[in-house]
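**Student:** This one is work_29.cif, mmCIF, C-alpha atoms.
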data_data
loop_
_atom_site.label_atom_id
_atom_site.label_comp_id
_atom_site.auth_asym_id
_atom_site.auth_seq_id
_atom_site.Cartn_x
_atom_site.Cartn_y
_atom_site.Cartn_z
CA MET A 1 1.87 27.06 55.57
CA LYS A 2 0.06 29.12 58.20
CA ALA A 3 -3.17 27.83 59.73
CA VAL A 4 -5.55 28.49 62.60
CA LEU A 5 -6.27 25.26 64.45
CA PHE A 6 -7.22 23.74 67.79
CA ARG A 7 -5.83 20.68 69.54
CA GLU A 8 -8.56 20.31 72.15
CA PHE A 9 -12.19 21.36 72.43
CA GLY A 10 -13.27 24.53 74.21
CA GLY A 11 -13.59 28.28 73.77
CA PRO A 12 -11.85 30.68 71.38
CA GLU A 13 -8.74 30.53 73.56
CA LYS A 14 -8.13 27.02 72.21
CA LEU A 15 -7.41 28.42 68.75
CA SER A 16 -3.77 28.86 67.77
CA TYR A 17 -1.98 30.31 64.74
CA GLU A 18 0.70 27.86 63.68
CA ASP A 19 2.98 26.62 60.93
CA VAL A 20 1.77 23.28 59.57
CA ALA A 21 2.65 21.11 56.59
CA GLU A 22 1.01 21.96 53.28
CA PRO A 23 -1.60 19.25 52.52
CA LYS A 24 -0.95 16.71 49.79
CA ILE A 25 -3.51 15.90 47.10
CA SER A 26 -4.61 12.60 45.59
CA GLU A 27 -5.02 12.05 41.85
CA SER A 28 -8.68 13.17 42.04
CA GLU A 29 -8.27 16.18 44.33
CA ALA A 30 -7.45 19.86 44.01
CA LEU A 31 -5.27 22.03 46.21
CA ILE A 32 -6.94 25.38 46.87
CA ARG A 33 -5.02 28.54 47.70
CA VAL A 34 -7.51 30.00 50.18
CA ARG A 35 -8.43 33.64 49.58
CA ALA A 36 -11.47 33.85 51.88
CA CYS A 37 -13.23 31.59 54.37
CA ALA A 38 -16.44 32.54 56.15
CA LEU A 39 -17.15 31.91 59.82
CA ASN A 40 -20.06 29.48 60.08
CA HIS A 41 -21.83 28.41 63.26
CA LEU A 42 -20.68 24.90 62.40
CA ASP A 43 -17.10 26.05 62.99
CA ILE A 44 -18.05 27.08 66.53
CA TRP A 45 -19.74 23.74 67.19
CA ALA A 46 -16.63 21.95 65.94
CA ARG A 47 -14.38 23.92 68.28
CA GLN A 48 -16.76 23.28 71.19
CA GLY A 49 -16.70 19.53 70.51
CA THR A 50 -20.26 18.97 69.31
CA ARG A 51 -20.15 15.44 67.87
CA GLY A 52 -16.47 15.60 68.65
CA GLU A 53 -15.88 11.97 67.71
CA ARG A 54 -16.24 12.99 64.04
CA ILE A 55 -13.65 15.77 64.13
CA PRO A 56 -10.03 14.93 63.20
CA MET A 57 -7.51 16.39 65.64
CA PRO A 58 -5.60 18.65 65.59
CA HIS A 59 -8.28 20.39 63.58
CA ILE A 60 -8.40 23.18 61.00
CA SER A 61 -11.98 24.45 60.70
CA GLY A 62 -13.50 26.46 57.87
CA CYS A 63 -16.41 25.13 55.81
CA ASP A 64 -17.06 28.04 53.43
CA ILE A 65 -14.01 28.35 51.20
CA SER A 66 -13.15 30.39 48.14
CA GLY A 67 -9.81 30.82 46.44
CA GLU A 68 -7.72 29.80 43.47
CA ILE A 69 -6.67 26.37 42.31
CA ALA A 70 -2.99 25.90 43.08
CA ARG A 71 -2.60 22.33 41.85
CA VAL A 72 -4.75 19.43 40.61
CA GLY A 73 -4.36 15.66 40.64
CA SER A 74 -3.52 13.68 37.52
CA LEU A 75 -7.13 12.58 36.94
CA VAL A 76 -8.60 16.08 37.15
CA LYS A 77 -9.35 17.37 33.65
CA ASN A 78 -12.04 20.03 34.12
CA HIS A 79 -10.10 22.39 36.41
CA LYS A 80 -6.66 23.96 36.13
CA PRO A 81 -4.27 25.99 38.29
CA GLY A 82 -5.23 29.64 38.49
CA ASP A 83 -8.99 29.09 38.20
CA LYS A 84 -11.08 30.99 40.76
CA ALA A 85 -12.93 28.44 42.85
CA LEU A 86 -15.82 28.21 45.28
CA ILE A 87 -15.95 24.97 47.26
CA ALA A 88 -19.17 23.00 47.72
CA PRO A 89 -18.89 21.83 51.34
CA GLY A 90 -20.50 18.38 51.23
CA ILE A 91 -18.66 15.14 50.45
CA SER A 92 -20.65 11.97 49.71
CA ASP A 93 -19.86 8.64 48.04
CA GLY A 94 -22.10 9.31 45.03
CA THR A 95 -23.19 5.68 44.82
CA CYS A 96 -25.76 5.00 47.56
CA GLU A 97 -29.56 5.22 47.19
CA TYR A 98 -29.61 8.66 48.83
CA CYS A 99 -26.95 10.11 46.55
CA ALA A 100 -28.75 8.62 43.53
CA THR A 101 -31.96 10.46 44.45
CA GLY A 102 -30.40 13.82 45.32
CA TRP A 103 -30.30 13.36 49.10
CA ASP A 104 -26.51 13.49 49.37
CA SER A 105 -26.59 14.83 52.93
CA LEU A 106 -28.21 11.56 54.09
CA CYS A 107 -25.37 9.45 52.68
CA GLU A 108 -23.84 7.27 55.40
CA SER A 109 -20.38 8.50 54.45
CA TYR A 110 -21.41 12.17 54.19
CA LYS A 111 -18.85 14.66 55.48
CA ILE A 112 -18.61 18.43 55.57
CA ILE A 113 -15.31 19.99 54.58
CA GLY A 114 -13.87 21.80 57.59
CA TYR A 115 -15.89 19.72 60.04
CA GLU A 116 -15.14 16.05 59.41
CA THR A 117 -12.13 17.00 57.27
CA GLN A 118 -9.50 19.71 57.50
CA GLY A 119 -10.85 23.05 56.31
CA GLY A 120 -10.14 26.52 55.06
CA TYR A 121 -8.63 28.38 58.01
CA ALA A 122 -5.27 27.94 56.34
CA GLU A 123 -3.28 29.11 53.35
CA TYR A 124 -4.16 25.92 51.46
CA ALA A 125 -6.91 23.31 51.60
CA THR A 126 -7.36 19.97 49.83
CA VAL A 127 -10.79 19.19 48.36
CA PRO A 128 -12.34 16.62 45.99
CA SER A 129 -12.27 18.00 42.45
CA GLN A 130 -16.03 17.48 42.06
CA ASN A 131 -16.55 20.00 44.88
CA VAL A 132 -14.84 22.78 42.93
CA LEU A 133 -17.21 25.32 41.38
CA PRO A 134 -16.32 28.38 39.27
CA ILE A 135 -16.78 31.84 40.78
CA PRO A 136 -18.63 34.35 38.57
CA ASP A 137 -16.46 37.32 37.64
CA HIS A 138 -18.73 39.80 39.44
CA LEU A 139 -18.25 38.12 42.85
CA SER A 140 -15.28 38.82 45.11
CA PHE A 141 -13.65 36.00 47.05
CA GLU A 142 -15.29 37.30 50.23
CA GLU A 143 -18.73 37.35 48.62
CA ALA A 144 -18.24 33.86 47.22
CA ALA A 145 -17.20 32.49 50.62
CA SER A 146 -20.47 33.72 52.11
CA VAL A 147 -22.47 31.40 49.84
CA PRO A 148 -21.85 27.64 50.30
CA LEU A 149 -23.39 26.26 53.49
CA VAL A 150 -26.02 28.91 54.13
CA PHE A 151 -27.41 29.07 50.60
CA LEU A 152 -27.37 25.29 50.16
CA THR A 153 -29.22 24.95 53.46
CA ALA A 154 -31.76 27.66 52.68
CA TRP A 155 -32.43 26.29 49.20
CA HIS A 156 -32.88 22.74 50.50
CA MET A 157 -35.20 23.86 53.29
CA LEU A 158 -37.43 26.02 51.12
CA THR A 159 -37.56 23.93 47.95
CA THR A 160 -36.92 20.26 48.75
CA ARG A 161 -38.53 20.28 52.19
CA ALA A 162 -41.10 23.10 52.36
CA HIS A 163 -42.00 23.11 48.64
CA LEU A 164 -42.40 26.88 48.77
CA ILE A 165 -44.16 28.25 45.68
CA ALA A 166 -44.79 31.67 44.18
CA GLY A 167 -47.41 33.70 46.00
CA GLU A 168 -46.97 32.01 49.37
CA THR A 169 -45.76 33.78 52.50
CA VAL A 170 -42.72 32.65 54.48
CA LEU A 171 -41.66 33.80 57.95
CA VAL A 172 -37.87 33.92 58.31
CA TRP A 173 -36.58 34.05 61.88
CA ALA A 174 -33.32 35.90 62.66
CA ALA A 175 -32.81 37.37 59.23
CA GLY A 176 -29.52 38.95 60.25
CA SER A 177 -27.85 35.54 60.28
CA GLY A 178 -26.18 33.98 57.27
CA VAL A 179 -28.83 31.33 56.71
CA GLY A 180 -31.62 33.83 57.43
CA SER A 181 -30.38 36.33 54.87
CA ALA A 182 -29.92 33.49 52.37
CA ALA A 183 -33.51 32.35 53.00
CA ILE A 184 -34.89 35.80 52.19
CA GLN A 185 -33.10 35.86 48.84
CA VAL A 186 -34.04 32.29 47.91
CA ALA A 187 -37.68 32.90 48.83
CA LYS A 188 -37.82 36.01 46.66
CA VAL A 189 -36.33 34.14 43.70
CA LEU A 190 -39.13 31.59 44.15
CA GLY A 191 -41.72 34.37 44.04
CA ALA A 192 -42.77 34.23 47.70
CA LYS A 193 -43.56 37.06 50.10
CA VAL A 194 -41.22 37.33 53.08
CA ILE A 195 -41.76 38.36 56.69
CA ALA A 196 -38.34 38.66 58.33
CA THR A 197 -37.49 39.06 62.02
CA ALA A 198 -34.39 40.55 63.61
CA GLY A 199 -33.39 42.10 66.91
CA ASN A 200 -32.31 45.61 65.91
CA ASP A 201 -33.01 48.32 63.34
CA GLU A 202 -29.77 47.80 61.43
CA LYS A 203 -30.58 44.14 60.76
CA LEU A 204 -34.20 44.96 59.93
CA ASP A 205 -33.09 47.57 57.40
CA ARG A 206 -30.69 45.09 55.84
CA ALA A 207 -33.47 42.50 55.59
CA LYS A 208 -35.55 45.01 53.63
CA GLN A 209 -32.62 45.78 51.34
CA ILE A 210 -32.24 42.15 50.33
CA GLY A 211 -35.93 41.59 49.69
CA ALA A 212 -38.07 41.23 52.83
CA ASP A 213 -41.61 42.54 52.29
CA TRP A 214 -42.26 43.07 56.01
CA VAL A 215 -39.93 43.14 59.02
CA VAL A 216 -40.61 42.48 62.70
CA ASN A 217 -38.43 43.19 65.73
CA HIS A 218 -38.61 39.92 67.64
CA HIS A 219 -37.38 41.61 70.84
CA THR A 220 -40.01 44.36 71.00
CA GLN A 221 -42.94 42.98 68.98
CA ASP A 222 -45.04 39.82 69.25
CA VAL A 223 -44.15 37.95 66.08
CA PRO A 224 -47.33 35.83 65.69
CA THR A 225 -49.49 38.94 66.15
CA GLU A 226 -47.51 40.85 63.52
CA VAL A 227 -47.58 37.91 61.11
CA LYS A 228 -51.35 37.71 61.42
CA ARG A 229 -51.67 41.47 60.96
CA VAL A 230 -49.57 41.86 57.80
CA THR A 231 -51.18 38.82 56.15
CA ASN A 232 -54.72 40.01 56.94
CA GLY A 233 -55.28 37.01 59.20
CA ARG A 234 -54.00 34.33 56.83
CA LYS A 235 -50.61 33.83 58.57
CA ALA A 236 -47.50 32.24 57.01
CA ASN A 237 -47.56 29.21 54.75
CA VAL A 238 -43.95 28.39 55.67
CA VAL A 239 -41.89 29.14 58.77
CA PHE A 240 -38.11 29.07 58.33
CA ASP A 241 -36.51 28.50 61.74
CA HIS A 242 -32.98 27.86 62.98
CA ILE A 243 -33.40 29.08 66.58
CA GLY A 244 -35.27 26.12 68.06
CA GLN A 245 -36.63 26.14 71.58
CA ALA A 246 -37.14 29.91 71.99
CA THR A 247 -39.15 30.28 68.77
CA TRP A 248 -40.98 26.95 68.63
CA GLU A 249 -44.31 27.98 70.16
CA LYS A 250 -44.36 31.29 68.28
CA SER A 251 -43.61 29.49 65.03
CA MET A 252 -46.65 27.28 65.56
CA ARG A 253 -48.86 30.30 66.23
CA SER A 254 -47.57 32.00 63.08
CA MET A 255 -48.48 29.21 60.63
CA ALA A 256 -51.52 29.11 58.41
CA PRO A 257 -53.55 25.88 58.18
CA ALA A 258 -51.52 23.28 56.24
CA GLY A 259 -48.41 25.31 57.09
CA ARG A 260 -44.91 23.87 56.91
CA LEU A 261 -42.19 24.43 59.51
CA VAL A 262 -38.61 23.78 58.41
CA ASN A 263 -35.72 23.90 60.86
CA CYS A 264 -31.93 23.67 60.59
CA GLY A 265 -30.69 24.78 63.99
CA VAL A 266 -31.22 24.88 67.74
CA THR A 267 -29.11 27.81 68.89
CA SER A 268 -31.54 28.51 71.76
CA GLY A 269 -31.94 24.87 72.81
CA GLY A 270 -33.03 21.57 71.31
CA LYS A 271 -36.09 20.67 73.35
CA ALA A 272 -39.65 21.94 72.85
CA GLU A 273 -43.16 20.89 73.84
CA ILE A 274 -46.32 20.87 71.75
CA ASP A 275 -49.87 19.59 71.94
CA ILE A 276 -49.86 17.05 69.09
CA ARG A 277 -53.54 17.73 68.44
CA TYR A 278 -52.55 21.20 67.28
CA ILE A 279 -50.46 19.62 64.51
CA PHE A 280 -53.06 17.28 63.06
CA VAL A 281 -56.08 19.56 63.48
CA ARG A 282 -54.36 22.33 61.51
CA GLN A 283 -52.56 19.77 59.30
CA PHE A 284 -49.10 21.18 59.87
CA SER A 285 -46.00 19.57 58.40
CA LEU A 286 -42.76 19.70 60.39
#
Taking this structure as input, can you express it in the form of structure tokens?
**Tutor:**
Amino acid sequence: MKAVLFREFGGPEKLSYEDVAEPKISESEALIRVRACALNHLDIWARQGTRGERIPMPHISGCDISGEIARVGSLVKNHKPGDKALIAPGISDGTCEYCATGWDSLCESYKIIGYETQGGYAEYATVPSQNVLPIPDHLSFEEAASVPLVFLTAWHMLTTRAHLIAGETVLVWAAGSGVGSAAIQVAKVLGAKVIATAGNDEKLDRAKQIGADWVVNHHTQDVPTEVKRVTNGRKANVVFDHIGQATWEKSMRSMAPAGRLVNCGVTSGGKAEIDIRYIFVRQFSL
């Protein structure tokens, strides 16, 4: 089969388009004929060698996979060849205390398909059968592939971690990103009001189209000032951040008392400073 892979860490020039052997499946796995695979920031980190000791080499990336079932193992009874499939990206053992309480991503054996295993930048991919989900008829393969990691992450951040409830206000940084656009839609389903930031008019318009109540250009406007203005001084109950260092101080200034900051990324850097008194006086949760 054809696949895009890399044999050493580095830039995009390390990627190559090659013929490789079609993967074999175990009795509890499914072979997916890949129809679409989204580009996730995790794929870039894998190629660059972030936590490189966890990445099997040579490596086929691709965490967000959709396609059709080509073949199933002998123990797989709830899926059949030809079914349209969306692949849940996380693999856990299902037996530890974290898995038993719904915290699968904290499982000691947790892996992400396409990061710690071979992924979807190929004609075929092998996945555990329990990771196979049906695709609704109204979604294309491309639309389905845009869902897995970003929507799982956004849902976990806003529900499990931030406990966002109807009527609250959430600030979503960088709404033009996959996880940012997912956060807007999840927040609206939960009944929250959304302030979304982006760096250009096209992304701001798109944020409005998918549900943002207010939009702020984080390049030309002061985000904390705008958050305070549109909320009539109350500020945001929840800040959804995946930028890190560059937005840290502004996130703090944008939160209402008892506000919650949730973070899933550090694309601008992983180190930030804060006066700890500011956290406990305003009773923030991070």
**Student:** Considering only C-alpha atoms, state which residue in the set A:His163, A:His242, A:Arg35, A:Lys193 is at the smallest distance from Glu142 in chain A.
**Tutor:**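 Among the listed residues, A:Arg35 lies closest to Glu142 in chain A.
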**Student:** In Å, with one decimal, what is the gap from CA of Thr95 in chain A to CA of Pro23 in chain A?
**Tutor:** 26.6 Å
**Student:** Give as a list in words the residues that the PyMOL selection byres ((chain A and resi 34) around 7) matches when applied to the coordinates above.
**Tutor:**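 So the PyMOL selection byres ((chain A and resi 34) around 7) ends up selecting Ile32, Arg33, Arg35, Ala36, Ile65, Ser66, Gly67, Glu68, Gly120, Ala122, Glu123, Tyr124 and Ala125 of chain A.
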**Student:** Can you turn the PyMOL selection byres ((chain A and resi 265-280) around 7) into a concrete residue list for this file, as a list in words?
**Tutor:**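 The output of the PyMOL selection byres ((chain A and resi 265-280) around 7) on this file is His242, Ile243, Gly244, Gln245, Ala246, Trp248, Asn263, Cys264, Val281, Arg282, Gln283 and Phe284 of chain A.
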**Student:** Quick one: of A:Leu190, A:Val238, A:Ala196, A:Ala100, who's nearest to His218 in chain A, counting only C-alpha atoms?
**Tutor:** A:Ala196
**Student:** In the coordinate frame of the file, compute which residues have an atom within 12 Å of (-38.3, 25.0, 46.3) when using all atoms listed in the file, and state them as a PyMOL selection string.
**Tutor:** chain A and resi 152-166+168+183+186-192+238
**Student:** Include C-alpha atoms and write out the residues we just selected as a PDB file, in the frame of the given file.
**Tutor:**
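After the write, selection19.pdb holds the following:
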ATOM      1  CA  LEU A 152     -27.370  25.290  50.160  1.00  0.00           C
ATOM      2  CA  THR A 153     -29.220  24.950  53.460  1.00  0.00           C
ATOM      3  CA  ALA A 154     -31.760  27.660  52.680  1.00  0.00           C
ATOM      4  CA  TRP A 155     -32.430  26.290  49.200  1.00  0.00           C
ATOM      5  CA  HIS A 156     -32.880  22.740  50.500  1.00  0.00           C
ATOM      6  CA  MET A 157     -35.200  23.860  53.290  1.00  0.00           C
ATOM      7  CA  LEU A 158     -37.430  26.020  51.120  1.00  0.00           C
ATOM      8  CA  THR A 159     -37.560  23.930  47.950  1.00  0.00           C
ATOM      9  CA  THR A 160     -36.920  20.260  48.750  1.00  0.00           C
ATOM     10  CA  ARG A 161     -38.530  20.280  52.190  1.00  0.00           C
ATOM     11  CA  ALA A 162     -41.100  23.100  52.360  1.00  0.00           C
ATOM     12  CA  HIS A 163     -42.000  23.110  48.640  1.00  0.00           C
ATOM     13  CA  LEU A 164     -42.400  26.880  48.770  1.00  0.00           C
ATOM     14  CA  ILE A 165     -44.160  28.250  45.680  1.00  0.00           C
ATOM     15  CA  ALA A 166     -44.790  31.670  44.180  1.00  0.00           C
ATOM     16  CA  GLU A 168     -46.970  32.010  49.370  1.00  0.00           C
ATOM     17  CA  ALA A 183     -33.510  32.350  53.000  1.00  0.00           C
ATOM     18  CA  VAL A 186     -34.040  32.290  47.910  1.00  0.00           C
ATOM     19  CA  ALA A 187     -37.680  32.900  48.830  1.00  0.00           C
ATOM     20  CA  LYS A 188     -37.820  36.010  46.660  1.00  0.00           C
ATOM     21  CA  VAL A 189     -36.330  34.140  43.700  1.00  0.00           C
ATOM     22  CA  LEU A 190     -39.130  31.590  44.150  1.00  0.00           C
ATOM     23  CA  GLY A 191     -41.720  34.370  44.040  1.00  0.00           C
ATOM     24  CA  ALA A 192     -42.770  34.230  47.700  1.00  0.00           C
ATOM     25  CA  VAL A 238     -43.950  28.390  55.670  1.00  0.00           C
TER      26      VAL A 238
END
**Student:** What does the distance from CA of Ile55 in chain A to CA of Ala85 in chain A come to in Å, to one decimal?
**Tutor:**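 CA of Ile55 in chain A sits 24.8 Å away from CA of Ala85 in chain A.
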**Student:** Measure the distance from CA of Leu5 in chain A to CA of Thr126 in chain A in Å and round it to one decimal.
**Tutor:** 15.6 Å
**Student:** So which one's closest to Pro148 in chain A, A:Asn237, A:Thr225, A:Ser254, A:Asn131? Using all atoms listed in the file, please.
**Tutor:**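 Of the candidates, the smallest distance to Pro148 in chain A is held by A:Asn131.
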**Student:** Go through the shown structure with the PyMOL selection byres ((chain A and resi 92-94) around 12) and write out the matching residues as a list in words.
**Tutor:**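 Applying the PyMOL selection byres ((chain A and resi 92-94) around 12) to the structure shown produces Ala88, Pro89, Gly90, Ile91, Thr95, Cys96, Glu97, Tyr98, Cys99, Ala100, Thr101, Gly102, Trp103, Asp104, Ser105, Leu106, Cys107, Glu108, Ser109, Tyr110, Lys111, Ile112, Ile113, Glu116, Pro128, Gln130 and Asn131 of chain A.
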**Student:** Kindly indicate which residue among A:Thr117, A:Asn217, A:Ser285, A:Ser129 lies nearest to Ser26 in chain A, using only C-alpha atoms for the distances.
**Tutor:** A:Ser129
**Student:** Restricting the calculation to all atoms listed in the file, which member of A:Asp241, A:Asp64, A:Asp137, A:Glu143 is positioned closest to Val179 in chain A?
**Tutor:**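 Smallest distance to Val179 in chain A is found for A:Asp241.
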**Student:** Can you tell me, as a list in words, what residues are no more than 8 Å from Ser146 in chain A when counting all atoms listed in the file, ignoring any on the same chain fewer than 6 positions away?
**Tutor:**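 What passes the distance filter is Cys37, Ala38, Asp64 and Gly178 of chain A.
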**Student:** Pro134 in chain A: which residues within 9 Å, counting only C-alpha atoms, same-chain residues fewer than 5 positions away excluded, as JSON, numbers by chain?
**Tutor:** {"A": [83, 84, 85, 86, 87]}
**Student:** Save the residues we just selected, C-alpha atoms, as an mmCIF file, keeping the file's coordinate frame?
**Tutor:**
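Below is the file that was written, selection_37.cif:
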data_model
loop_
_atom_site.group_PDB
_atom_site.id
_atom_site.type_symbol
_atom_site.label_atom_id
_atom_site.label_comp_id
_atom_site.auth_asym_id
_atom_site.auth_seq_id
_atom_site.Cartn_x
_atom_site.Cartn_y
_atom_site.Cartn_z
ATOM 1 C CA ASP A 83 -8.990 29.090 38.200
ATOM 2 C CA LYS A 84 -11.080 30.990 40.760
ATOM 3 C CA ALA A 85 -12.930 28.440 42.850
ATOM 4 C CA LEU A 86 -15.820 28.210 45.280
ATOM 5 C CA ILE A 87 -15.950 24.970 47.260
#
**Student:** At a cut-off of 8 Å, using all atoms listed in the file, what residues contact Met57 in chain A? Leave out same-chain residues fewer than 4 positions from it and give the result as a list of chain:residue names.
**Tutor:**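 Final neighbour list, sorted by chain and number: A:Phe6, A:Arg7, A:Glu8.
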**Student:** Name the residues in contact with Lys208 in chain A at a cut-off of 12 Å, using all atoms listed in the file, excluding same-chain residues fewer than 6 positions from it; report them as a ChimeraX atom specification.
**Tutor:** /A:175-176,181,184-185,188,193-198,201-202,214-216
**Student:** For Ala212 in chain A, which residue among A:Lys228, A:Ser177, A:Met252, A:Val170 is the nearest when counting all atoms listed in the file?
**Tutor:**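 That would be A:Val170, the residue with the smallest distance to Ala212 in chain A.
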**Student:** Within 10 Å of range 44-52 of chain A, which residues of range 9-40 of chain A come that close, and what is the closest atom pair and distance in Å for each? Count all atoms listed in the file and give it as CSV.
**Tutor:**
residue,atom,partner,partner_atom,distance
A:Phe9,CA,A:Gln48,CA,5.1
A:Gly10,CA,A:Gln48,CA,4.8
A:Gly11,CA,A:Gln48,CA,6.5
A:Pro12,CA,A:Arg47,CA,7.9
A:Lys14,CA,A:Arg47,CA,8.0
A:Leu15,CA,A:Arg47,CA,8.3
A:Leu39,CA,A:Ile44,CA,8.3
A:Asn40,CA,A:Ile44,CA,7.2
